[in-house]
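Coordinates as given in query27.tsv (TSV, C-alpha atoms):
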```
chain	number	residue	atom	x	y	z
R	743	MET	CA	-28.55	84.63	1.52
R	744	GLU	CA	-30.58	87.71	2.43
R	745	LEU	CA	-27.99	88.76	5.01
R	746	THR	CA	-25.12	88.07	2.60
R	747	GLU	CA	-26.67	90.06	-0.23
R	748	SER	CA	-27.56	92.93	2.09
R	749	PHE	CA	-24.01	93.00	3.46
R	750	HIS	CA	-22.60	92.97	-0.06
R	751	ARG	CA	-24.74	95.95	-1.06
R	752	GLU	CA	-23.46	97.87	1.97
R	753	PHE	CA	-19.81	96.77	1.75
R	754	PRO	CA	-19.16	95.63	-1.84
R	755	ALA	CA	-15.38	95.46	-1.36
R	756	VAL	CA	-15.54	92.99	1.50
R	757	THR	CA	-14.90	89.38	0.60
R	758	TYR	CA	-15.50	86.36	2.79
R	759	ASP	CA	-15.27	82.63	3.18
R	760	VAL	CA	-18.27	80.44	3.71
R	761	THR	CA	-18.35	76.83	4.85
R	762	ILE	CA	-21.21	74.67	3.64
R	763	LYS	CA	-21.74	70.92	3.83
R	764	ILE	CA	-21.67	69.00	0.54
R	765	GLU	CA	-25.18	67.70	1.17
R	766	HIS	CA	-26.42	71.27	1.60
R	767	LEU	CA	-24.60	72.45	-1.53
R	768	LEU	CA	-26.60	69.80	-3.38
R	769	LYS	CA	-29.84	70.52	-1.53
R	770	PHE	CA	-29.60	74.24	-2.24
R	771	GLU	CA	-27.89	73.90	-5.63
R	772	LYS	CA	-30.30	76.29	-7.33
R	773	GLN	CA	-29.26	79.07	-4.95
R	774	LEU	CA	-25.57	78.79	-5.85
R	775	PRO	CA	-25.69	81.23	-8.78
R	776	ARG	CA	-26.99	83.87	-6.34
R	777	SER	CA	-23.81	83.30	-4.33
R	778	ALA	CA	-21.66	84.19	-7.32
R	779	ILE	CA	-22.69	87.83	-7.16
R	780	PRO	CA	-20.25	90.20	-8.86
R	781	ALA	CA	-17.34	91.60	-6.83
R	782	VAL	CA	-17.82	89.04	-4.11
R	783	SER	CA	-15.07	86.43	-3.98
R	784	LEU	CA	-16.46	83.21	-2.57
D	52	MET	CA	-16.45	78.49	-0.42
D	53	ILE	CA	-15.18	75.77	1.86
D	54	SER	CA	-16.70	72.34	2.32
D	55	ALA	CA	-15.60	69.55	4.64
D	56	VAL	CA	-15.38	66.72	2.14
D	57	GLU	CA	-13.12	64.67	4.46
D	58	SER	CA	-12.77	61.67	2.13
D	59	VAL	CA	-13.55	60.36	-1.33
D	60	ASP	CA	-13.93	56.79	-0.02
D	61	ASP	CA	-17.60	55.97	0.50
D	62	ALA	CA	-16.77	53.44	3.21
D	63	VAL	CA	-14.84	56.06	5.22
D	64	LEU	CA	-17.58	58.64	4.60
D	65	GLY	CA	-20.01	56.11	6.05
D	66	PHE	CA	-17.93	55.74	9.21
D	67	LEU	CA	-17.75	59.53	9.52
D	68	ASP	CA	-21.51	59.83	8.92
D	69	LYS	CA	-20.91	62.80	6.61
D	70	GLY	CA	-24.16	62.62	4.71
D	71	HIS	CA	-22.54	62.71	1.29
D	72	THR	CA	-20.82	60.34	-1.10
D	73	ARG	CA	-17.84	60.51	-3.44
D	74	GLU	CA	-20.24	61.08	-6.33
D	75	ASP	CA	-21.92	63.94	-4.45
D	76	PHE	CA	-18.54	65.65	-4.09
D	77	LEU	CA	-17.72	65.17	-7.77
D	78	ARG	CA	-21.13	66.58	-8.70
D	79	VAL	CA	-20.48	69.68	-6.58
D	80	VAL	CA	-17.04	70.11	-8.19
D	81	LYS	CA	-18.70	69.98	-11.63
D	82	THR	CA	-21.41	72.44	-10.62
D	83	PHE	CA	-18.89	74.89	-9.22
D	84	SER	CA	-16.81	74.63	-12.37
D	85	GLU	CA	-19.83	75.36	-14.54
D	86	LEU	CA	-20.70	78.38	-12.39
D	87	GLY	CA	-17.09	79.64	-12.33
D	88	MET	CA	-17.11	79.44	-8.54
D	89	THR	CA	-14.27	78.30	-6.30
D	90	LEU	CA	-14.60	75.40	-3.90
D	91	HIS	CA	-11.96	74.74	-1.27
D	92	PRO	CA	-12.48	71.16	-0.13
D	93	THR	CA	-11.03	70.11	3.22
D	94	PHE	CA	-10.09	66.56	4.09
D	95	VAL	CA	-9.25	64.16	6.90
D	96	PRO	CA	-7.14	61.82	4.78
D	97	PHE	CA	-5.63	59.76	7.58
D	98	THR	CA	-8.16	57.61	9.37
D	99	PRO	CA	-7.86	54.12	10.84
D	100	TRP	CA	-9.43	52.86	7.63
D	101	THR	CA	-7.23	54.72	5.14
D	102	THR	CA	-5.19	52.46	2.89
D	103	VAL	CA	-2.23	53.49	0.79
D	104	ASP	CA	-4.34	52.88	-2.32
D	105	GLY	CA	-7.12	55.00	-0.84
D	106	TYR	CA	-4.72	57.85	-0.16
D	107	LEU	CA	-3.35	57.68	-3.70
D	108	ASP	CA	-6.93	57.70	-4.95
D	109	LEU	CA	-7.61	60.92	-3.03
D	110	LEU	CA	-4.54	62.56	-4.60
D	111	ARG	CA	-5.63	61.41	-8.05
D	112	VAL	CA	-9.12	62.83	-7.56
D	113	ILE	CA	-7.66	66.17	-6.49
D	114	GLU	CA	-5.37	66.16	-9.52
D	115	GLN	CA	-7.98	65.02	-12.02
D	116	GLN	CA	-10.63	67.44	-10.75
D	117	GLY	CA	-8.17	70.32	-11.12
D	118	VAL	CA	-8.37	71.46	-7.50
D	119	ILE	CA	-4.71	71.21	-6.47
D	120	GLU	CA	-4.57	74.99	-6.02
D	121	ASN	CA	-7.68	74.85	-3.87
D	122	VAL	CA	-6.44	72.39	-1.26
D	123	ALA	CA	-4.13	73.65	1.48
D	124	PRO	CA	-1.25	71.15	1.79
D	125	ILE	CA	-1.90	70.57	5.51
D	126	GLN	CA	-5.31	69.22	4.49
D	127	LEU	CA	-3.48	66.25	2.97
D	128	GLY	CA	-1.77	65.41	6.27
D	129	ILE	CA	-4.60	65.65	8.77
D	130	ARG	CA	-5.30	62.69	11.01
D	131	LEU	CA	-8.69	61.87	12.45
D	132	LEU	CA	-8.93	63.22	15.98
D	133	ILE	CA	-11.05	61.19	18.39
D	134	PRO	CA	-11.62	63.27	21.55
D	135	ALA	CA	-13.50	62.24	24.67
D	136	GLY	CA	-17.20	62.05	23.92
D	137	SER	CA	-16.71	61.66	20.18
D	138	ARG	CA	-19.59	59.95	18.43
D	139	MET	CA	-16.97	57.89	16.67
D	140	LEU	CA	-16.63	55.95	19.93
D	141	GLU	CA	-20.18	54.68	19.44
D	142	LEU	CA	-18.75	52.42	16.75
D	143	GLU	CA	-17.52	49.09	18.04
D	144	GLU	CA	-14.87	49.08	15.34
D	145	VAL	CA	-13.50	52.40	16.60
D	146	ARG	CA	-13.54	51.33	20.26
D	147	ARG	CA	-11.47	48.30	19.29
D	148	LEU	CA	-8.98	50.48	17.42
D	149	VAL	CA	-8.21	53.20	19.96
D	150	GLY	CA	-5.80	53.09	22.84
D	151	PRO	CA	-6.42	54.48	26.35
D	152	PHE	CA	-7.48	58.13	26.51
D	153	ASP	CA	-4.47	60.41	26.86
D	154	PRO	CA	-5.33	63.31	29.24
D	155	ARG	CA	-2.20	65.21	28.18
D	156	SER	CA	-2.85	65.34	24.43
D	157	LEU	CA	-6.63	64.82	24.94
D	158	PRO	CA	-7.55	62.50	22.05
D	159	TYR	CA	-7.80	58.74	22.05
D	160	PRO	CA	-4.65	57.56	20.25
D	161	TRP	CA	-5.00	55.21	17.32
D	162	LYS	CA	-2.71	53.59	14.79
D	163	ASN	CA	-3.39	52.46	11.29
D	164	ALA	CA	-3.11	48.71	10.77
D	165	ASP	CA	-0.65	49.56	7.98
D	166	PRO	CA	2.37	51.26	9.60
D	167	ARG	CA	3.20	52.88	6.26
D	168	MET	CA	0.15	55.10	6.69
D	169	ASP	CA	1.21	56.50	10.07
D	170	ALA	CA	4.69	57.17	8.68
D	171	LEU	CA	3.20	58.78	5.57
D	172	SER	CA	0.98	61.06	7.65
D	173	GLU	CA	4.04	62.33	9.50
D	174	THR	CA	5.92	62.81	6.23
D	175	VAL	CA	3.04	64.74	4.66
D	176	GLN	CA	2.70	66.95	7.74
D	177	GLU	CA	6.43	67.70	7.60
D	178	ILE	CA	6.19	68.54	3.88
D	179	ALA	CA	3.23	70.82	4.52
D	180	ALA	CA	4.94	72.56	7.43
D	181	ALA	CA	8.12	73.13	5.41
D	182	ALA	CA	6.07	74.41	2.49
D	183	GLU	CA	4.35	76.91	4.76
D	184	ARG	CA	7.68	78.18	6.08
D	185	GLN	CA	9.14	78.45	2.59
D	186	LYS	CA	5.96	79.89	1.05
D	187	GLU	CA	6.09	77.15	-1.54
D	188	SER	CA	3.38	77.04	-4.20
D	189	ARG	CA	0.59	74.53	-3.71
D	190	PRO	CA	1.32	72.64	-6.94
D	191	ALA	CA	4.98	72.22	-5.93
D	192	THR	CA	3.99	70.99	-2.48
D	193	PHE	CA	1.34	68.70	-3.93
D	194	GLU	CA	3.97	67.16	-6.18
D	195	ARG	CA	6.21	66.42	-3.19
D	196	ILE	CA	3.30	64.81	-1.35
D	197	TRP	CA	2.40	62.93	-4.55
D	198	ARG	CA	5.92	61.51	-4.73
D	199	ALA	CA	6.00	60.62	-1.02
D	200	ALA	CA	2.69	58.78	-1.27
D	201	HIS	CA	3.78	56.80	-4.32
D	202	ALA	CA	7.07	55.98	-2.60
D	203	ALA	CA	5.13	54.69	0.41
D	204	ALA	CA	3.18	52.46	-1.96
D	205	GLY	CA	6.37	51.25	-3.62
D	206	LEU	CA	5.34	52.87	-6.89
D	207	SER	CA	7.07	55.34	-9.16
D	208	ALA	CA	5.12	58.57	-9.24
D	209	PRO	CA	3.60	59.41	-12.62
D	210	LYS	CA	3.95	62.94	-13.86
D	211	ILE	CA	1.22	65.30	-12.78
D	212	SER	CA	-0.55	66.71	-15.77
D	213	PRO	CA	-0.51	70.51	-15.91
D	214	THR	CA	-3.64	70.35	-18.02
D	215	HIS	CA	-5.70	69.21	-15.05
D	216	THR	CA	-6.94	72.66	-14.23
D	217	ILE	CA	-10.56	73.52	-14.69
D	218	PRO	CA	-11.18	76.95	-16.27
D	219	GLY	CA	-12.99	79.24	-13.91
D	220	TRP	CA	-11.32	77.96	-10.77
D	221	ARG	CA	-9.57	80.65	-8.81
D	222	SER	CA	-6.74	80.20	-6.36
D	223	VAL	CA	-6.86	81.21	-2.74
D	224	SER	CA	-6.77	84.85	-1.76
D	225	GLN	CA	-6.81	86.54	1.62
D	226	ARG	CA	-10.20	86.80	3.25
D	227	THR	CA	-11.17	89.78	5.30
D	228	LEU	CA	-14.38	89.18	7.15
D	229	VAL	CA	-15.18	87.00	10.10
D	230	LEU	CA	-18.87	86.41	10.48
D	231	LEU	CA	-21.13	83.65	11.60
D	232	CYS	CA	-24.70	83.37	10.54
D	233	ARG	CA	-27.47	80.85	10.29
D	234	ALA	CA	-29.06	81.55	6.94
D	235	ASP	CA	-31.53	78.72	7.21
D	236	PRO	CA	-32.63	76.61	10.17
D	237	ASP	CA	-31.48	73.51	8.33
D	238	GLN	CA	-28.38	75.02	6.78
D	239	LEU	CA	-25.62	76.06	9.12
D	240	VAL	CA	-23.35	78.46	7.32
D	241	SER	CA	-20.16	79.75	8.83
D	242	ILE	CA	-18.35	82.63	7.23
D	243	GLY	CA	-14.87	83.57	8.29
D	244	ALA	CA	-11.16	83.77	7.67
D	245	GLN	CA	-9.69	80.65	6.16
D	246	LYS	CA	-7.99	79.12	9.14
D	247	PRO	CA	-8.31	75.33	9.22
D	248	LEU	CA	-9.44	73.98	12.58
D	249	VAL	CA	-6.16	72.23	13.01
D	250	LYS	CA	-4.12	71.61	16.10
D	251	ASN	CA	-0.90	69.69	15.75
D	252	GLY	CA	-1.92	68.67	12.27
D	253	ARG	CA	-5.20	67.16	13.45
D	254	ARG	CA	-8.76	68.31	13.11
D	255	LYS	CA	-11.26	67.82	15.87
D	256	ARG	CA	-14.31	65.87	14.79
```
Let me see the file written as structure tokens.
Amino acid sequence: MELTESFHREFPAVTYDVTIKIEHLLKFEKQLPRSAIPAVSL
Amino acid sequence: MISAVESVDDAVLGFLDKGHTREDFLRVVKTFSELGMTLHPTFVPFTPWTTVDGYLDLLRVIEQQGVIENVAPIQLGIRLLIPAGSRMLELEEVRRLVGPFDPRSLPYPWKNADPRMDALSETVQEIAAAAERQKESRPATFERIWRAAHAAAGLSAPKISPTHTIPGWRSVSQRTLVLLCRADPDQLVSIGAQKPLVKNGRRKR
């Protein structure tokens, strides 16, 4: 997340895909809102 | 965000040792909807254990969860690939199912006990390939696959409800960055262009 957020600050127009296992999406569910940062299309 | 859901059948998920259940997937879909985030689930619909009812169930889940736009049509035609050294071969049931290793095409060949499923997988792959060439919309392609699957089951295809779209879900757009990172020692995260790991309509396990 730290790398992603840092990259977004530097290059806000760049979008990306990310692949995450279902079990990890559940395990790290509370971090998901941080992934929905503005201007970043996930 | 992409996630390898592979199946919505808990028995198949058990064989694949995915570490999640059907309910886990549905919970993630709900969470993403609430957050207004987009999930692109990927699947391996055709396995030795896939039944025609199971395939129809997968299509219904995709329809009812409002993610038709989020599933690339080829995802609905992918067959389980069992290469040399696959952990799937540790299962006695799999070893009994597969034929001799084919050094030309590389995987162990297998056939579904229900010949309708092997025929349907070819039909779905042809529909997906034609849709790609014709730049057909995902809902239109899904409807053709929906009809083909119901025909394989000897059923008339019910109408797909246009209301099955969850607000907040966004359709696919071009991605621009290819990047791999390990954000957490226990959480492998790959970031990159959306190119399914598909060769000849099959995904390597």
For each of D:Glu141, D:Asp60, D:Asp153, D:Glu74, take the minimum atom-to-atom distance to chain R, counting all atoms listed in the file, then give the residue where this is smallest.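 Smallest distance to chain R is found for D:Glu74.
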Set the cut-off to 9 Å and count all atoms listed in the file: what are the residues of chain R that reach chain D? Output as a CSV table (one decimal) with C-alpha atoms, keeping the file's coordinate frame.
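See part_1.csv below for the written result:
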```
chain,number,residue,atom,x,y,z
R,743,MET,CA,-28.6,84.6,1.5
R,744,GLU,CA,-30.6,87.7,2.4
R,745,LEU,CA,-28.0,88.8,5.0
R,746,THR,CA,-25.1,88.1,2.6
R,756,VAL,CA,-15.5,93.0,1.5
R,757,THR,CA,-14.9,89.4,0.6
R,758,TYR,CA,-15.5,86.4,2.8
R,759,ASP,CA,-15.3,82.6,3.2
R,760,VAL,CA,-18.3,80.4,3.7
R,761,THR,CA,-18.4,76.8,4.8
R,762,ILE,CA,-21.2,74.7,3.6
R,763,LYS,CA,-21.7,70.9,3.8
R,764,ILE,CA,-21.7,69.0,0.5
R,765,GLU,CA,-25.2,67.7,1.2
R,766,HIS,CA,-26.4,71.3,1.6
R,767,LEU,CA,-24.6,72.4,-1.5
R,768,LEU,CA,-26.6,69.8,-3.4
R,771,GLU,CA,-27.9,73.9,-5.6
R,774,LEU,CA,-25.6,78.8,-5.8
R,775,PRO,CA,-25.7,81.2,-8.8
R,777,SER,CA,-23.8,83.3,-4.3
R,778,ALA,CA,-21.7,84.2,-7.3
R,783,SER,CA,-15.1,86.4,-4.0
R,784,LEU,CA,-16.5,83.2,-2.6
```
Report, in Å to a single decimal, how far apart atom CA of D:Thr174 and atom CA of D:Pro99 are. 16.9 Å
Quick one: which stretch 95-171 of chain D residues come within 10 Å of stretch 183-197 of chain D, and what is the nearest atom pair for each with the distance in Å to one decimal, counting only C-alpha atoms, rows ordered by chain and ascending number, as CSV?
```
residue,atom,partner,partner_atom,distance
D:Tyr106,CA,D:Trp197,CA,9.8
D:Leu107,CA,D:Trp197,CA,7.8
D:Leu110,CA,D:Trp197,CA,7.0
D:Arg111,CA,D:Trp197,CA,8.9
D:Ile113,CA,D:Phe193,CA,9.7
D:Glu114,CA,D:Phe193,CA,9.1
D:Val118,CA,D:Pro190,CA,9.8
D:Ile119,CA,D:Pro190,CA,6.2
D:Glu120,CA,D:Arg189,CA,5.7
D:Asn121,CA,D:Arg189,CA,8.3
D:Val122,CA,D:Arg189,CA,7.7
D:Ala123,CA,D:Arg189,CA,7.1
D:Pro124,CA,D:Arg189,CA,6.7
D:Ile125,CA,D:Glu183,CA,8.9
D:Leu127,CA,D:Ile196,CA,8.2
D:Gly128,CA,D:Ile196,CA,9.2
D:Leu171,CA,D:Ile196,CA,9.2
```
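Put simply, atom CA of D:Thr102 is 21.8 Å away from atom CA of D:Lys210.
Atom pair atom CA of D:Leu64 / atom CA of D:Ala200: separated by 21.1 Å.
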Select, counting all atoms listed in the file, all protein, DNA and RNA residues no farther than 8 Å from (3.3, 53.5, 4.1) in file coordinates, and express the selection as number ranges by chain. D: 103, 165-171, 200, 203-204
Would you save the residues from that selection as a PDB file, in the frame of the given file, using C-alpha atoms?
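New file part_15.pdb:
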```pdb
ATOM      1  CA  VAL D 103      -2.230  53.490   0.790  1.00  0.00           C
ATOM      2  CA  ASP D 165      -0.650  49.560   7.980  1.00  0.00           C
ATOM      3  CA  PRO D 166       2.370  51.260   9.600  1.00  0.00           C
ATOM      4  CA  ARG D 167       3.200  52.880   6.260  1.00  0.00           C
ATOM      5  CA  MET D 168       0.150  55.100   6.690  1.00  0.00           C
ATOM      6  CA  ASP D 169       1.210  56.500  10.070  1.00  0.00           C
ATOM      7  CA  ALA D 170       4.690  57.170   8.680  1.00  0.00           C
ATOM      8  CA  LEU D 171       3.200  58.780   5.570  1.00  0.00           C
ATOM      9  CA  ALA D 200       2.690  58.780  -1.270  1.00  0.00           C
ATOM     10  CA  ALA D 203       5.130  54.690   0.410  1.00  0.00           C
ATOM     11  CA  ALA D 204       3.180  52.460  -1.960  1.00  0.00           C
TER      12      ALA D 204
END
```
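Among the candidates D:Phe66, D:Tyr159, D:Phe97, D:Phe152, the one nearest to D:Leu131 when counting only C-alpha atoms is D:Phe97.
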D:Met139 environment, 9 Å, only C-alpha atoms, sequence neighbours closer than 3 positions dropped, as a PyMOL selection string: chain D and resi 66-67+133+136+142-143+145-146+256
Could you write stretch 761-776 of chain R as a PDB file, in the coordinates of the input, with N, CA, C and O atoms rebuilt where they are missing?
```
ATOM      1  N   THR R 761     -18.474  78.283   4.766  1.00  0.00           N
ATOM      2  CA  THR R 761     -18.350  76.830   4.850  1.00  0.00           C
ATOM      3  C   THR R 761     -19.723  76.189   4.787  1.00  0.00           C
ATOM      4  O   THR R 761     -20.589  76.528   5.598  1.00  0.00           O
ATOM      5  N   ILE R 762     -19.909  75.313   3.827  1.00  0.00           N
ATOM      6  CA  ILE R 762     -21.210  74.670   3.640  1.00  0.00           C
ATOM      7  C   ILE R 762     -20.998  73.177   3.394  1.00  0.00           C
ATOM      8  O   ILE R 762     -20.095  72.780   2.648  1.00  0.00           O
ATOM      9  N   LYS R 763     -21.833  72.365   4.008  1.00  0.00           N
ATOM     10  CA  LYS R 763     -21.740  70.920   3.830  1.00  0.00           C
ATOM     11  C   LYS R 763     -22.050  70.532   2.374  1.00  0.00           C
ATOM     12  O   LYS R 763     -22.874  71.187   1.720  1.00  0.00           O
ATOM     13  N   ILE R 764     -21.411  69.483   1.889  1.00  0.00           N
ATOM     14  CA  ILE R 764     -21.670  69.000   0.540  1.00  0.00           C
ATOM     15  C   ILE R 764     -23.155  68.702   0.345  1.00  0.00           C
ATOM     16  O   ILE R 764     -23.753  69.068  -0.680  1.00  0.00           O
ATOM     17  N   GLU R 765     -23.771  68.059   1.331  1.00  0.00           N
ATOM     18  CA  GLU R 765     -25.180  67.700   1.170  1.00  0.00           C
ATOM     19  C   GLU R 765     -26.057  68.946   1.053  1.00  0.00           C
ATOM     20  O   GLU R 765     -27.067  68.939   0.363  1.00  0.00           O
ATOM     21  N   HIS R 766     -25.643  70.030   1.711  1.00  0.00           N
ATOM     22  CA  HIS R 766     -26.420  71.270   1.600  1.00  0.00           C
ATOM     23  C   HIS R 766     -26.141  71.996   0.291  1.00  0.00           C
ATOM     24  O   HIS R 766     -27.016  72.662  -0.259  1.00  0.00           O
ATOM     25  N   LEU R 767     -24.900  71.868  -0.224  1.00  0.00           N
ATOM     26  CA  LEU R 767     -24.600  72.450  -1.530  1.00  0.00           C
ATOM     27  C   LEU R 767     -25.477  71.797  -2.603  1.00  0.00           C
ATOM     28  O   LEU R 767     -25.913  72.452  -3.553  1.00  0.00           O
ATOM     29  N   LEU R 768     -25.732  70.504  -2.430  1.00  0.00           N
ATOM     30  CA  LEU R 768     -26.600  69.800  -3.380  1.00  0.00           C
ATOM     31  C   LEU R 768     -28.064  70.169  -3.134  1.00  0.00           C
ATOM     32  O   LEU R 768     -28.816  70.416  -4.079  1.00  0.00           O
ATOM     33  N   LYS R 769     -28.447  70.229  -1.864  1.00  0.00           N
ATOM     34  CA  LYS R 769     -29.840  70.520  -1.530  1.00  0.00           C
ATOM     35  C   LYS R 769     -30.251  71.921  -1.994  1.00  0.00           C
ATOM     36  O   LYS R 769     -31.372  72.132  -2.446  1.00  0.00           O
ATOM     37  N   PHE R 770     -29.303  72.857  -1.875  1.00  0.00           N
ATOM     38  CA  PHE R 770     -29.600  74.240  -2.240  1.00  0.00           C
ATOM     39  C   PHE R 770     -28.865  74.643  -3.521  1.00  0.00           C
ATOM     40  O   PHE R 770     -28.480  75.796  -3.696  1.00  0.00           O
ATOM     41  N   GLU R 771     -28.671  73.678  -4.408  1.00  0.00           N
ATOM     42  CA  GLU R 771     -27.890  73.900  -5.630  1.00  0.00           C
ATOM     43  C   GLU R 771     -28.410  75.070  -6.449  1.00  0.00           C
ATOM     44  O   GLU R 771     -27.635  75.838  -7.029  1.00  0.00           O
ATOM     45  N   LYS R 772     -29.724  75.235  -6.498  1.00  0.00           N
ATOM     46  CA  LYS R 772     -30.300  76.290  -7.330  1.00  0.00           C
ATOM     47  C   LYS R 772     -29.982  77.685  -6.799  1.00  0.00           C
ATOM     48  O   LYS R 772     -30.118  78.688  -7.504  1.00  0.00           O
ATOM     49  N   GLN R 773     -29.588  77.766  -5.522  1.00  0.00           N
ATOM     50  CA  GLN R 773     -29.260  79.070  -4.950  1.00  0.00           C
ATOM     51  C   GLN R 773     -27.801  79.457  -5.205  1.00  0.00           C
ATOM     52  O   GLN R 773     -27.419  80.595  -4.970  1.00  0.00           O
ATOM     53  N   LEU R 774     -26.992  78.503  -5.681  1.00  0.00           N
ATOM     54  CA  LEU R 774     -25.570  78.790  -5.850  1.00  0.00           C
ATOM     55  C   LEU R 774     -25.284  79.966  -6.778  1.00  0.00           C
ATOM     56  O   LEU R 774     -24.407  80.776  -6.473  1.00  0.00           O
ATOM     57  N   PRO R 775     -25.979  80.084  -7.917  1.00  0.00           N
ATOM     58  CA  PRO R 775     -25.690  81.230  -8.780  1.00  0.00           C
ATOM     59  C   PRO R 775     -25.874  82.562  -8.069  1.00  0.00           C
ATOM     60  O   PRO R 775     -25.169  83.529  -8.344  1.00  0.00           O
ATOM     61  N   ARG R 776     -26.794  82.621  -7.097  1.00  0.00           N
ATOM     62  CA  ARG R 776     -26.990  83.870  -6.340  1.00  0.00           C
ATOM     63  C   ARG R 776     -25.762  84.160  -5.471  1.00  0.00           C
ATOM     64  O   ARG R 776     -25.511  85.290  -5.090  1.00  0.00           O
TER      65      ARG R 776
END
```
